[in-house]
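Structure file structure_1.txt with compact mmCIF, C-alpha atoms:
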# COMPACT_ATOMS: atom_id res chain seq x y z
CA MET A 4 0.00 0.00 0.00
CA ASN A 5 1.40 3.41 -0.93
CA LYS A 6 0.43 7.04 -0.39
CA ALA A 7 -2.02 7.13 -3.32
CA ASP A 8 -3.80 4.06 -1.90
CA LEU A 9 -3.99 5.74 1.50
CA ILE A 10 -5.53 8.86 -0.07
CA ASN A 11 -8.09 6.81 -2.01
CA LYS A 12 -9.07 4.78 1.04
CA LEU A 13 -9.40 7.86 3.20
CA ALA A 14 -11.52 9.62 0.56
CA GLU A 15 -13.78 6.58 0.33
CA LYS A 16 -14.08 6.03 4.07
CA LYS A 17 -14.79 9.66 4.98
CA GLY A 18 -16.69 10.71 1.86
CA LEU A 19 -14.06 13.28 0.94
CA SER A 20 -12.94 14.36 -2.51
CA TYR A 21 -9.57 13.01 -3.64
CA LYS A 22 -8.22 16.57 -3.47
CA ILE A 23 -9.23 17.10 0.18
CA ALA A 24 -8.09 13.61 1.17
CA LYS A 25 -4.70 14.34 -0.42
CA ILE A 26 -4.37 17.61 1.51
CA ALA A 27 -5.27 15.75 4.71
CA VAL A 28 -2.74 12.95 4.18
CA ASP A 29 0.00 15.41 3.17
CA THR A 30 -0.71 17.68 6.15
CA ILE A 31 -0.64 14.80 8.65
CA ILE A 32 2.61 13.41 7.23
CA GLU A 33 4.17 16.88 7.13
CA SER A 34 3.32 17.47 10.82
CA ILE A 35 4.99 14.23 11.86
CA LYS A 36 7.98 14.89 9.59
CA ARG A 37 8.52 18.36 10.99
CA ALA A 38 8.46 17.06 14.57
CA ILE A 39 10.91 14.28 13.70
CA ILE A 40 13.29 16.72 11.99
CA ASN A 41 13.10 18.99 15.05
CA GLY A 42 14.17 16.08 17.21
CA GLU A 43 10.82 15.80 18.96
CA ARG A 44 9.31 12.57 20.15
CA VAL A 45 6.04 11.74 18.37
CA GLU A 46 3.54 9.54 20.10
CA ILE A 47 0.49 8.18 18.33
CA ARG A 48 -1.68 6.22 20.74
CA GLY A 49 -2.63 2.77 19.50
CA PHE A 50 -0.14 2.99 16.66
CA GLY A 51 3.37 3.67 17.89
CA SER A 52 5.95 6.29 18.68
CA PHE A 53 8.98 7.81 17.02
CA SER A 54 11.76 8.82 19.36
CA PRO A 55 15.02 10.51 18.35
CA ARG A 56 18.21 8.44 18.54
CA HIS A 57 21.75 9.66 18.07
CA TYR A 58 24.36 7.41 16.55
CA GLY A 59 28.08 8.08 16.88
CA ALA A 60 30.67 8.05 14.10
CA TYR A 61 32.29 4.74 13.22
CA THR A 62 34.51 3.15 10.61
CA GLY A 63 32.48 0.87 8.43
CA ARG A 64 33.19 -1.13 5.33
CA ASN A 65 31.61 -1.12 1.95
CA PRO A 66 30.23 -4.67 1.92
CA LYS A 67 30.77 -4.97 -1.84
CA THR A 68 34.35 -3.77 -2.15
CA GLY A 69 35.57 -4.26 1.44
CA GLU A 70 36.83 -0.67 1.36
CA LYS A 71 36.90 1.23 4.67
CA VAL A 72 34.51 4.15 4.96
CA GLN A 73 34.11 6.76 7.68
CA VAL A 74 30.49 6.92 8.77
CA LYS A 75 29.54 10.30 10.21
CA PRO A 76 27.44 10.64 13.36
CA LYS A 77 23.75 10.77 12.55
CA ARG A 78 20.28 11.20 13.98
CA LEU A 79 17.52 8.75 13.19
CA PRO A 80 14.05 8.25 14.64
CA TYR A 81 13.44 4.93 16.31
CA PHE A 82 9.94 3.57 15.76
CA LYS A 83 8.41 1.56 18.55
CA VAL A 84 5.20 -0.28 17.69
CA GLY A 85 2.26 0.50 19.97
CA LYS A 86 0.73 -2.33 21.94
CA GLU A 87 -2.58 -2.34 20.08
CA LEU A 88 -0.91 -2.53 16.66
CA ARG A 89 1.64 -5.09 17.84
CA ASP A 90 -1.17 -7.35 19.04
CA LEU A 91 -3.06 -6.91 15.75
CA ILE A 92 0.03 -7.93 13.80
CA MET A 93 0.73 -10.91 16.05
CA GLU A 94 -2.89 -12.07 15.74
CA SER A 95 -2.70 -11.90 11.94
CA LYS A 96 0.36 -14.16 11.94
CA LYS A 97 -1.41 -16.87 13.90
CA ASP A 98 -3.95 -17.80 11.24
CA MET B 25 4.02 15.69 19.72
CA THR B 26 0.83 13.72 20.15
CA LYS B 27 -2.28 13.09 18.07
CA ALA B 28 -3.82 16.29 19.43
CA ASP B 29 -1.05 18.37 17.77
CA ILE B 30 -1.52 16.55 14.47
CA ILE B 31 -5.27 17.19 14.66
CA ASN B 32 -4.60 20.85 15.37
CA ASP B 33 -2.32 21.23 12.33
CA LEU B 34 -5.00 19.64 10.15
CA TYR B 35 -7.65 21.92 11.65
CA GLU B 36 -5.58 24.96 10.72
CA ARG B 37 -5.02 23.68 7.19
CA LEU B 38 -8.53 22.42 6.36
CA GLY B 39 -10.74 24.63 8.48
CA TYR B 40 -13.05 21.72 9.24
CA SER B 41 -14.26 21.27 12.81
CA LYS B 42 -11.85 19.81 15.35
CA ARG B 43 -14.09 16.79 15.62
CA GLU B 44 -13.99 16.13 11.87
CA CYS B 45 -10.22 16.59 11.84
CA ALA B 46 -9.85 14.14 14.72
CA ASN B 47 -11.99 11.71 12.74
CA ILE B 48 -9.82 12.03 9.64
CA VAL B 49 -6.57 11.54 11.61
CA GLU B 50 -8.03 8.51 13.38
CA SER B 51 -9.23 7.05 10.06
CA LEU B 52 -5.84 7.45 8.41
CA PHE B 53 -4.09 5.54 11.18
CA ASP B 54 -6.83 2.91 11.10
CA ILE B 55 -6.29 2.43 7.35
CA ILE B 56 -2.55 1.94 7.91
CA LYS B 57 -3.19 -0.45 10.81
CA GLU B 58 -5.65 -2.49 8.75
CA ALA B 59 -3.18 -2.84 5.87
CA LEU B 60 -0.43 -3.96 8.26
CA SER B 61 -2.68 -6.46 9.99
CA ARG B 62 -3.53 -7.91 6.55
CA GLY B 63 0.20 -8.45 6.10
CA GLU B 64 0.66 -5.58 3.64
CA ASN B 65 3.63 -3.23 3.91
CA VAL B 66 2.85 0.49 3.84
CA LYS B 67 5.12 2.81 1.84
CA ILE B 68 4.83 6.56 2.25
CA SER B 69 7.11 8.32 -0.20
CA GLY B 70 9.16 11.13 1.32
CA PHE B 71 8.50 9.74 4.80
CA GLY B 72 9.35 6.07 5.12
CA ASN B 73 8.19 2.49 4.85
CA PHE B 74 6.48 0.32 7.44
CA VAL B 75 7.86 -3.13 6.76
CA LEU B 76 6.64 -6.41 8.25
CA ARG B 77 9.14 -9.15 8.94
CA ASP B 78 8.46 -12.74 9.83
CA LYS B 79 10.76 -14.12 12.50
CA LYS B 80 11.34 -17.84 12.89
CA GLU B 81 10.99 -19.63 16.17
CA ARG B 82 14.28 -19.48 18.10
CA LYS B 83 15.83 -20.35 21.40
CA GLY B 84 16.26 -17.57 23.88
CA ARG B 85 16.85 -16.99 27.53
CA ASN B 86 14.83 -15.21 30.14
CA PRO B 87 17.29 -12.42 30.98
CA LYS B 88 16.10 -12.33 34.58
CA THR B 89 16.25 -16.00 35.48
CA GLY B 90 18.69 -17.25 32.83
CA GLU B 91 16.18 -19.96 32.01
CA GLU B 92 16.26 -21.25 28.43
CA MET B 93 13.02 -20.97 26.50
CA ILE B 94 11.55 -21.11 23.01
CA ILE B 95 10.63 -17.77 21.47
CA SER B 96 7.69 -18.52 19.19
CA LYS B 97 7.66 -17.47 15.53
CA ARG B 98 6.29 -13.99 15.18
CA ARG B 99 5.70 -11.07 12.87
CA VAL B 100 7.30 -7.75 13.75
CA LEU B 101 7.03 -4.26 12.31
CA ASN B 102 10.03 -2.15 11.32
CA PHE B 103 10.08 1.42 10.13
CA LYS B 104 12.61 2.42 7.50
CA LEU B 105 13.06 6.16 7.15
CA SER B 106 13.11 7.56 3.62
CA GLN B 107 16.50 8.57 2.23
CA VAL B 108 15.24 12.12 1.63
CA LEU B 109 14.13 12.54 5.24
CA LYS B 110 17.33 10.93 6.52
CA GLU B 111 19.33 13.53 4.64
CA ALA B 112 17.08 16.38 5.83
CA MET B 113 17.70 15.28 9.43
CA ASN B 114 21.46 15.11 9.07
CA GLN B 115 22.43 18.12 6.99
CA LYS B 116 24.90 20.45 8.66

What is this structure when it is put down as structure tokens?
Amino acid sequence: MNKADLINKLAEKKGLSYKIAKIAVDTIIESIKRAIINGERVEIRGFGSFSPRHYGAYTGRNPKTGEKVQVKPKRLPYFKVGKELRDLIMESKKD
Amino acid sequence: MTKADIINDLYERLGYSKRECANIVESLFDIIKEALSRGENVKISGFGNFVLRDKKERKGRNPKTGEEMIISKRRVLNFKLSQVLKEAMNQK
């Protein structure tokens, strides 16, 4: 499922035009993106949370060539699945 | 940031009532949840991908008691950030 599918589903479910549903999806994603870029923690009840993680610099290797590469320190959000969603996913695996 | 902030941003953008905006936000997450619980990955370009992975049954240990136990096969959810967003977060 991709963004266009999400927009179509949302339009269908809420009786919105494609245009409005697209604005809604884009606005919601933008809000979350902005918070993540700002280093904020984002918590969505029943779904999951994104929390900022810092990773230090290290010397890695290009797995193809074996060449050494310096990896710069970076920030990445860590996604933790919410309990409700985790249970839904586990249930689906059972059958 | 919580759902209330997301709802507020949508309210400012759409001008619909807070209640309708809350409804839309809730529906969007429900749609994503439904897809994932059907076993479908969800890809949001410019943001990231929610990817399901099936883990085999394996042996593990209870870290508290040291007791050996079987960890049942399971499905887990990973989030992979988009390259574009990764770069936006790490530009200096």

Proximal residues of chain A relative to chain B (only C-alpha atoms; 9 Å) as a ChimeraX atom specification: /A:4-7,9-10,12-13,16-17,23-24,26-28,30-36,38-50,76-84,88-89,91-97

Would you output that residue set with C-alpha atoms, as a short mmCIF file (atom, residue, chain, number, x, y, z; two decimals), in the coordinates of the input?
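And here is the file that came out, out-v8.cif:
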data_model
loop_
_atom_site.label_atom_id
_atom_site.label_comp_id
_atom_site.auth_asym_id
_atom_site.auth_seq_id
_atom_site.Cartn_x
_atom_site.Cartn_y
_atom_site.Cartn_z
CA MET A 4 0.00 0.00 0.00
CA ASN A 5 1.40 3.41 -0.93
CA LYS A 6 0.43 7.04 -0.39
CA ALA A 7 -2.02 7.13 -3.32
CA LEU A 9 -3.99 5.74 1.50
CA ILE A 10 -5.53 8.86 -0.07
CA LYS A 12 -9.07 4.78 1.04
CA LEU A 13 -9.40 7.86 3.20
CA LYS A 16 -14.08 6.03 4.07
CA LYS A 17 -14.79 9.66 4.98
CA ILE A 23 -9.23 17.10 0.18
CA ALA A 24 -8.09 13.61 1.17
CA ILE A 26 -4.37 17.61 1.51
CA ALA A 27 -5.27 15.75 4.71
CA VAL A 28 -2.74 12.95 4.18
CA THR A 30 -0.71 17.68 6.15
CA ILE A 31 -0.64 14.80 8.65
CA ILE A 32 2.61 13.41 7.23
CA GLU A 33 4.17 16.88 7.13
CA SER A 34 3.32 17.47 10.82
CA ILE A 35 4.99 14.23 11.86
CA LYS A 36 7.98 14.89 9.59
CA ALA A 38 8.46 17.06 14.57
CA ILE A 39 10.91 14.28 13.70
CA ILE A 40 13.29 16.72 11.99
CA ASN A 41 13.10 18.99 15.05
CA GLY A 42 14.17 16.08 17.21
CA GLU A 43 10.82 15.80 18.96
CA ARG A 44 9.31 12.57 20.15
CA VAL A 45 6.04 11.74 18.37
CA GLU A 46 3.54 9.54 20.10
CA ILE A 47 0.49 8.18 18.33
CA ARG A 48 -1.68 6.22 20.74
CA GLY A 49 -2.63 2.77 19.50
CA PHE A 50 -0.14 2.99 16.66
CA PRO A 76 27.44 10.64 13.36
CA LYS A 77 23.75 10.77 12.55
CA ARG A 78 20.28 11.20 13.98
CA LEU A 79 17.52 8.75 13.19
CA PRO A 80 14.05 8.25 14.64
CA TYR A 81 13.44 4.93 16.31
CA PHE A 82 9.94 3.57 15.76
CA LYS A 83 8.41 1.56 18.55
CA VAL A 84 5.20 -0.28 17.69
CA LEU A 88 -0.91 -2.53 16.66
CA ARG A 89 1.64 -5.09 17.84
CA LEU A 91 -3.06 -6.91 15.75
CA ILE A 92 0.03 -7.93 13.80
CA MET A 93 0.73 -10.91 16.05
CA GLU A 94 -2.89 -12.07 15.74
CA SER A 95 -2.70 -11.90 11.94
CA LYS A 96 0.36 -14.16 11.94
CA LYS A 97 -1.41 -16.87 13.90
#

Leaving out A:Val74 and any residue of its chain fewer than 5 positions from it, which residues lie within 7 Å of it when counting only C-alpha atoms, given as number ranges by chain? A: 60-63

Atom CA of A:Glu87 to atom CA of A:Arg37, straight-line distance in Å: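 Answer for the atom CA of A:Arg37 to atom CA of A:Glu87 separation: 25.2 Å.
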
To one decimal place, how far is atom CA of A:Gln73 from atom CA of A:Ser54 in Å? 25.3 Å

Can you tell me how far atom CA of A:Asp29 sits from atom CA of A:Asp8, in Å to one decimal?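 Taking atom CA of A:Asp29 and atom CA of A:Asp8, their separation equals 13.0 Å.
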
Since the input has fewer atoms than a full residue there, write stretch 55-66 of chain A out with all heavy atoms, as an mmCIF file, keeping the file's coordinate frame.
data_model
loop_
_atom_site.group_PDB
_atom_site.id
_atom_site.type_symbol
_atom_site.label_atom_id
_atom_site.label_comp_id
_atom_site.auth_asym_id
_atom_site.auth_seq_id
_atom_site.Cartn_x
_atom_site.Cartn_y
_atom_site.Cartn_z
ATOM 1 N N PRO A 55 13.733 10.216 18.971
ATOM 2 C CA PRO A 55 15.020 10.510 18.350
ATOM 3 C C PRO A 55 16.150 9.679 18.948
ATOM 4 O O PRO A 55 16.187 9.466 20.154
ATOM 5 C CB PRO A 55 15.222 12.002 18.633
ATOM 6 C CG PRO A 55 14.357 12.314 19.796
ATOM 7 C CD PRO A 55 13.229 11.338 19.780
ATOM 8 N N ARG A 56 17.024 9.184 18.085
ATOM 9 C CA ARG A 56 18.210 8.440 18.540
ATOM 10 C C ARG A 56 19.427 9.042 17.862
ATOM 11 O O ARG A 56 19.373 9.388 16.677
ATOM 12 C CB ARG A 56 18.121 6.971 18.100
ATOM 13 C CG ARG A 56 17.079 6.160 18.814
ATOM 14 C CD ARG A 56 17.644 5.512 20.069
ATOM 15 N NE ARG A 56 16.557 5.068 20.933
ATOM 16 C CZ ARG A 56 16.165 3.798 21.027
ATOM 17 N NH1 ARG A 56 16.766 2.868 20.325
ATOM 18 N NH2 ARG A 56 15.186 3.461 21.835
ATOM 19 N N HIS A 57 20.488 9.160 18.635
ATOM 20 C CA HIS A 57 21.750 9.660 18.070
ATOM 21 C C HIS A 57 22.717 8.502 17.914
ATOM 22 O O HIS A 57 22.822 7.664 18.800
ATOM 23 C CB HIS A 57 22.371 10.715 18.991
ATOM 24 C CG HIS A 57 21.571 11.974 19.034
ATOM 25 N ND1 HIS A 57 21.895 13.071 18.288
ATOM 26 C CD2 HIS A 57 20.437 12.285 19.704
ATOM 27 C CE1 HIS A 57 20.989 14.020 18.514
ATOM 28 N NE2 HIS A 57 20.092 13.560 19.366
ATOM 29 N N TYR A 58 23.388 8.463 16.799
ATOM 30 C CA TYR A 58 24.360 7.410 16.550
ATOM 31 C C TYR A 58 25.728 8.050 16.335
ATOM 32 O O TYR A 58 25.845 9.036 15.604
ATOM 33 C CB TYR A 58 23.973 6.583 15.325
ATOM 34 C CG TYR A 58 22.652 5.860 15.512
ATOM 35 C CD1 TYR A 58 21.442 6.469 15.167
ATOM 36 C CD2 TYR A 58 22.615 4.594 16.071
ATOM 37 C CE1 TYR A 58 20.228 5.819 15.371
ATOM 38 C CE2 TYR A 58 21.404 3.931 16.277
ATOM 39 C CZ TYR A 58 20.218 4.560 15.921
ATOM 40 O OH TYR A 58 19.029 3.915 16.123
ATOM 41 N N GLY A 59 26.734 7.523 16.987
ATOM 42 C CA GLY A 59 28.080 8.080 16.880
ATOM 43 C C GLY A 59 28.753 7.702 15.572
ATOM 44 O O GLY A 59 28.259 6.862 14.826
ATOM 45 N N ALA A 60 29.895 8.355 15.295
ATOM 46 C CA ALA A 60 30.670 8.050 14.100
ATOM 47 C C ALA A 60 31.342 6.696 14.258
ATOM 48 O O ALA A 60 31.626 6.267 15.371
ATOM 49 C CB ALA A 60 31.713 9.127 13.876
ATOM 50 N N TYR A 61 31.542 6.006 13.166
ATOM 51 C CA TYR A 61 32.290 4.740 13.220
ATOM 52 C C TYR A 61 32.921 4.449 11.861
ATOM 53 O O TYR A 61 32.541 5.057 10.859
ATOM 54 C CB TYR A 61 31.376 3.578 13.647
ATOM 55 C CG TYR A 61 30.233 3.269 12.718
ATOM 56 C CD1 TYR A 61 30.368 2.289 11.734
ATOM 57 C CD2 TYR A 61 29.016 3.964 12.813
ATOM 58 C CE1 TYR A 61 29.316 2.008 10.882
ATOM 59 C CE2 TYR A 61 27.965 3.683 11.962
ATOM 60 C CZ TYR A 61 28.122 2.696 10.995
ATOM 61 O OH TYR A 61 27.070 2.429 10.150
ATOM 62 N N THR A 62 33.894 3.552 11.865
ATOM 63 C CA THR A 62 34.510 3.150 10.610
ATOM 64 C C THR A 62 33.798 1.890 10.136
ATOM 65 O O THR A 62 33.801 0.879 10.821
ATOM 66 C CB THR A 62 36.009 2.855 10.804
ATOM 67 O OG1 THR A 62 36.581 3.977 11.456
ATOM 68 C CG2 THR A 62 36.703 2.638 9.478
ATOM 69 N N GLY A 63 33.190 2.008 8.969
ATOM 70 C CA GLY A 63 32.480 0.870 8.430
ATOM 71 C C GLY A 63 33.206 0.351 7.203
ATOM 72 O O GLY A 63 34.292 0.824 6.876
ATOM 73 N N ARG A 64 32.608 -0.613 6.557
ATOM 74 C CA ARG A 64 33.190 -1.130 5.330
ATOM 75 C C ARG A 64 32.118 -1.231 4.279
ATOM 76 O O ARG A 64 30.985 -1.565 4.578
ATOM 77 C CB ARG A 64 33.761 -2.526 5.570
ATOM 78 C CG ARG A 64 35.220 -2.511 5.911
ATOM 79 C CD ARG A 64 35.674 -3.925 6.222
ATOM 80 N NE ARG A 64 36.903 -3.905 6.994
ATOM 81 C CZ ARG A 64 38.097 -3.674 6.468
ATOM 82 N NH1 ARG A 64 38.233 -3.437 5.176
ATOM 83 N NH2 ARG A 64 39.170 -3.665 7.227
ATOM 84 N N ASN A 65 32.509 -0.909 3.064
ATOM 85 C CA ASN A 65 31.610 -1.120 1.950
ATOM 86 C C ASN A 65 31.524 -2.642 1.761
ATOM 87 O O ASN A 65 32.520 -3.281 1.480
ATOM 88 C CB ASN A 65 32.195 -0.454 0.700
ATOM 89 C CG ASN A 65 31.318 -0.672 -0.531
ATOM 90 O OD1 ASN A 65 30.636 -1.692 -0.638
ATOM 91 N ND2 ASN A 65 31.351 0.273 -1.428
ATOM 92 N N PRO A 66 30.336 -3.209 1.959
ATOM 93 C CA PRO A 66 30.230 -4.670 1.920
ATOM 94 C C PRO A 66 30.571 -5.267 0.549
ATOM 95 O O PRO A 66 30.921 -6.432 0.446
ATOM 96 C CB PRO A 66 28.785 -4.956 2.305
ATOM 97 C CG PRO A 66 28.074 -3.661 2.236
ATOM 98 C CD PRO A 66 29.071 -2.559 2.227
#
